[in-house]
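Trainee: The structure under discussion is supplied below as structure tokens; questions concerning it will follow.
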Amino acid sequence: MTAVRTHTHAQAVDAAVDLFTRQGYEGTTVEEIADAAKVSRATFFRRFRSKEDVVFADHELLLEEVVVMLAATRPDARASEESGHDLGRAWDPDVDPYLEVCRAARMVFDHHVGQRDTSLARYALLQQVPALRDRELITTHRYERAFTHYLRDTLPPERSASTASIAFAASVVAVHNAILRRWLRTPSLELRPELEEAFADLRRAAVLGTAAHPLADDGNRAGRRVVVTVVEGGAGPDEVARAVRDALV
């Protein structure tokens, strides 16, 4: 993804991951990374604050691109509770926020698969350096937060509750990460179709308002009803059945 991996960032990330793999994370200096990336030490620190930062430099650019991509589908004038505007006018019925979040997550997946060698080397490195795994968790949370904020702003008022937005954003990130890890462990697999199917299941469950059986086909759902009835504590089977029948009438 050339829009994300600028030449300087690509050189620095690839050089750092290569050196860490060959020499170890602790055994590699900033000077060595700068030399391998063909930049000065001053330039390195202007762009990256630490060795840890350079490992995830393309993640930072990718997150920025995700935010820009999502922002392009927001209505021109966003309303909010703080501004006192009508939230109903802030929703654009021509935009499917769930679909846009999945598109953004798909872009992240495609980036990792497209940078195969770097992604695989970084994954191996993360298994060896706990501090880098911690940093990865922080990055994951930032994606969740960006998705949640977008959903709160763009879903219609009756569906923009904080908990619903948080749940969908977390589910998308969790599914993305699970399938990406499978690819990182076995890069010969073609998992893009499975990712698309999983995202479709999440969107379907979000629209239906339940994730009880996200993988069930639509035909099996047709005609189902949830019935709630109240009976006395000592009621027998016949009384329960009669109460259910009455509720269905």
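Labels used: A, B, ... for chains in the order of the structure tokens, numbers from 1 for residues in each chain, and numbers from 1 for ligands as shown.
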Considering only C-alpha atoms, return as a VMD selection string whatever protein or nucleic-acid residues lie within 7 Å of segment 140-144 of chain A, sequence-local ones (same chain, fewer than 4 positions apart) excluded.

Mentor: chain A and resid 63 136 148 169 to 170 173

Trainee: Store the residues picked out above in a file with all heavy atoms, as a tab-separated table (two decimals), in the first residue's frame.

Mentor:
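Final file, out-v5.tsv:
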chain	number	residue	atom	x	y	z
A	63	LEU	N	-3.16	3.89	10.55
A	63	LEU	CA	-4.24	4.38	11.40
A	63	LEU	C	-4.73	5.74	10.93
A	63	LEU	O	-5.93	6.01	10.90
A	63	LEU	CB	-3.78	4.44	12.85
A	63	LEU	CG	-4.83	4.89	13.88
A	63	LEU	CD1	-6.04	3.96	13.88
A	63	LEU	CD2	-4.21	4.94	15.27
A	136	GLU	N	1.67	-3.44	20.58
A	136	GLU	CA	0.67	-3.90	19.61
A	136	GLU	C	-0.73	-3.82	20.20
A	136	GLU	O	-1.69	-3.44	19.51
A	136	GLU	CB	0.98	-5.33	19.16
A	136	GLU	CG	0.05	-5.82	18.06
A	136	GLU	CD	0.28	-7.27	17.70
A	136	GLU	OE1	0.57	-8.07	18.61
A	136	GLU	OE2	0.17	-7.62	16.51
A	148	THR	N	-15.17	3.11	17.08
A	148	THR	CA	-16.27	3.45	17.99
A	148	THR	C	-16.71	4.89	17.81
A	148	THR	O	-17.91	5.18	17.72
A	148	THR	CB	-15.84	3.22	19.45
A	148	THR	OG1	-15.49	1.84	19.64
A	148	THR	CG2	-16.96	3.58	20.41
A	169	ALA	N	-17.33	-2.32	17.16
A	169	ALA	CA	-15.93	-1.98	16.88
A	169	ALA	C	-14.99	-3.05	17.41
A	169	ALA	O	-14.05	-3.48	16.72
A	169	ALA	CB	-15.59	-0.62	17.49
A	170	ALA	N	-15.23	-3.49	18.65
A	170	ALA	CA	-14.38	-4.51	19.25
A	170	ALA	C	-14.48	-5.83	18.50
A	170	ALA	O	-13.49	-6.54	18.32
A	170	ALA	CB	-14.75	-4.70	20.72
A	173	VAL	N	-12.46	-5.65	15.19
A	173	VAL	CA	-11.02	-5.74	15.45
A	173	VAL	C	-10.63	-7.15	15.87
A	173	VAL	O	-9.61	-7.69	15.44
A	173	VAL	CB	-10.60	-4.71	16.52
A	173	VAL	CG1	-9.15	-4.94	16.96
A	173	VAL	CG2	-10.76	-3.29	15.98

Trainee: From the list A:Ala71, A:Ile179, A:Ala205, A:Ala34, which residue is nearest Pro193 of chain A when using only C-alpha atoms?

Mentor: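 Of the candidates, the smallest distance to Pro193 of chain A is held by A:Ile179.
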
Trainee: For a quick check of understanding, using only C-alpha atoms, which of A:Val55, A:Ala10, A:Ala206, A:Ala37 has the smallest distance to Arg122 of chain A?

Mentor: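 Closest to Arg122 of chain A, using only C-alpha atoms: A:Val55.
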
Trainee: Between A:Arg145, A:Cys102, A:Thr118, A:Asp18, single out the one closest to Ser162 of chain A, counting only C-alpha atoms.

Mentor: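 Going through A:Arg145, A:Cys102, A:Thr118, A:Asp18 one by one, the smallest distance to Ser162 of chain A is for A:Arg145.
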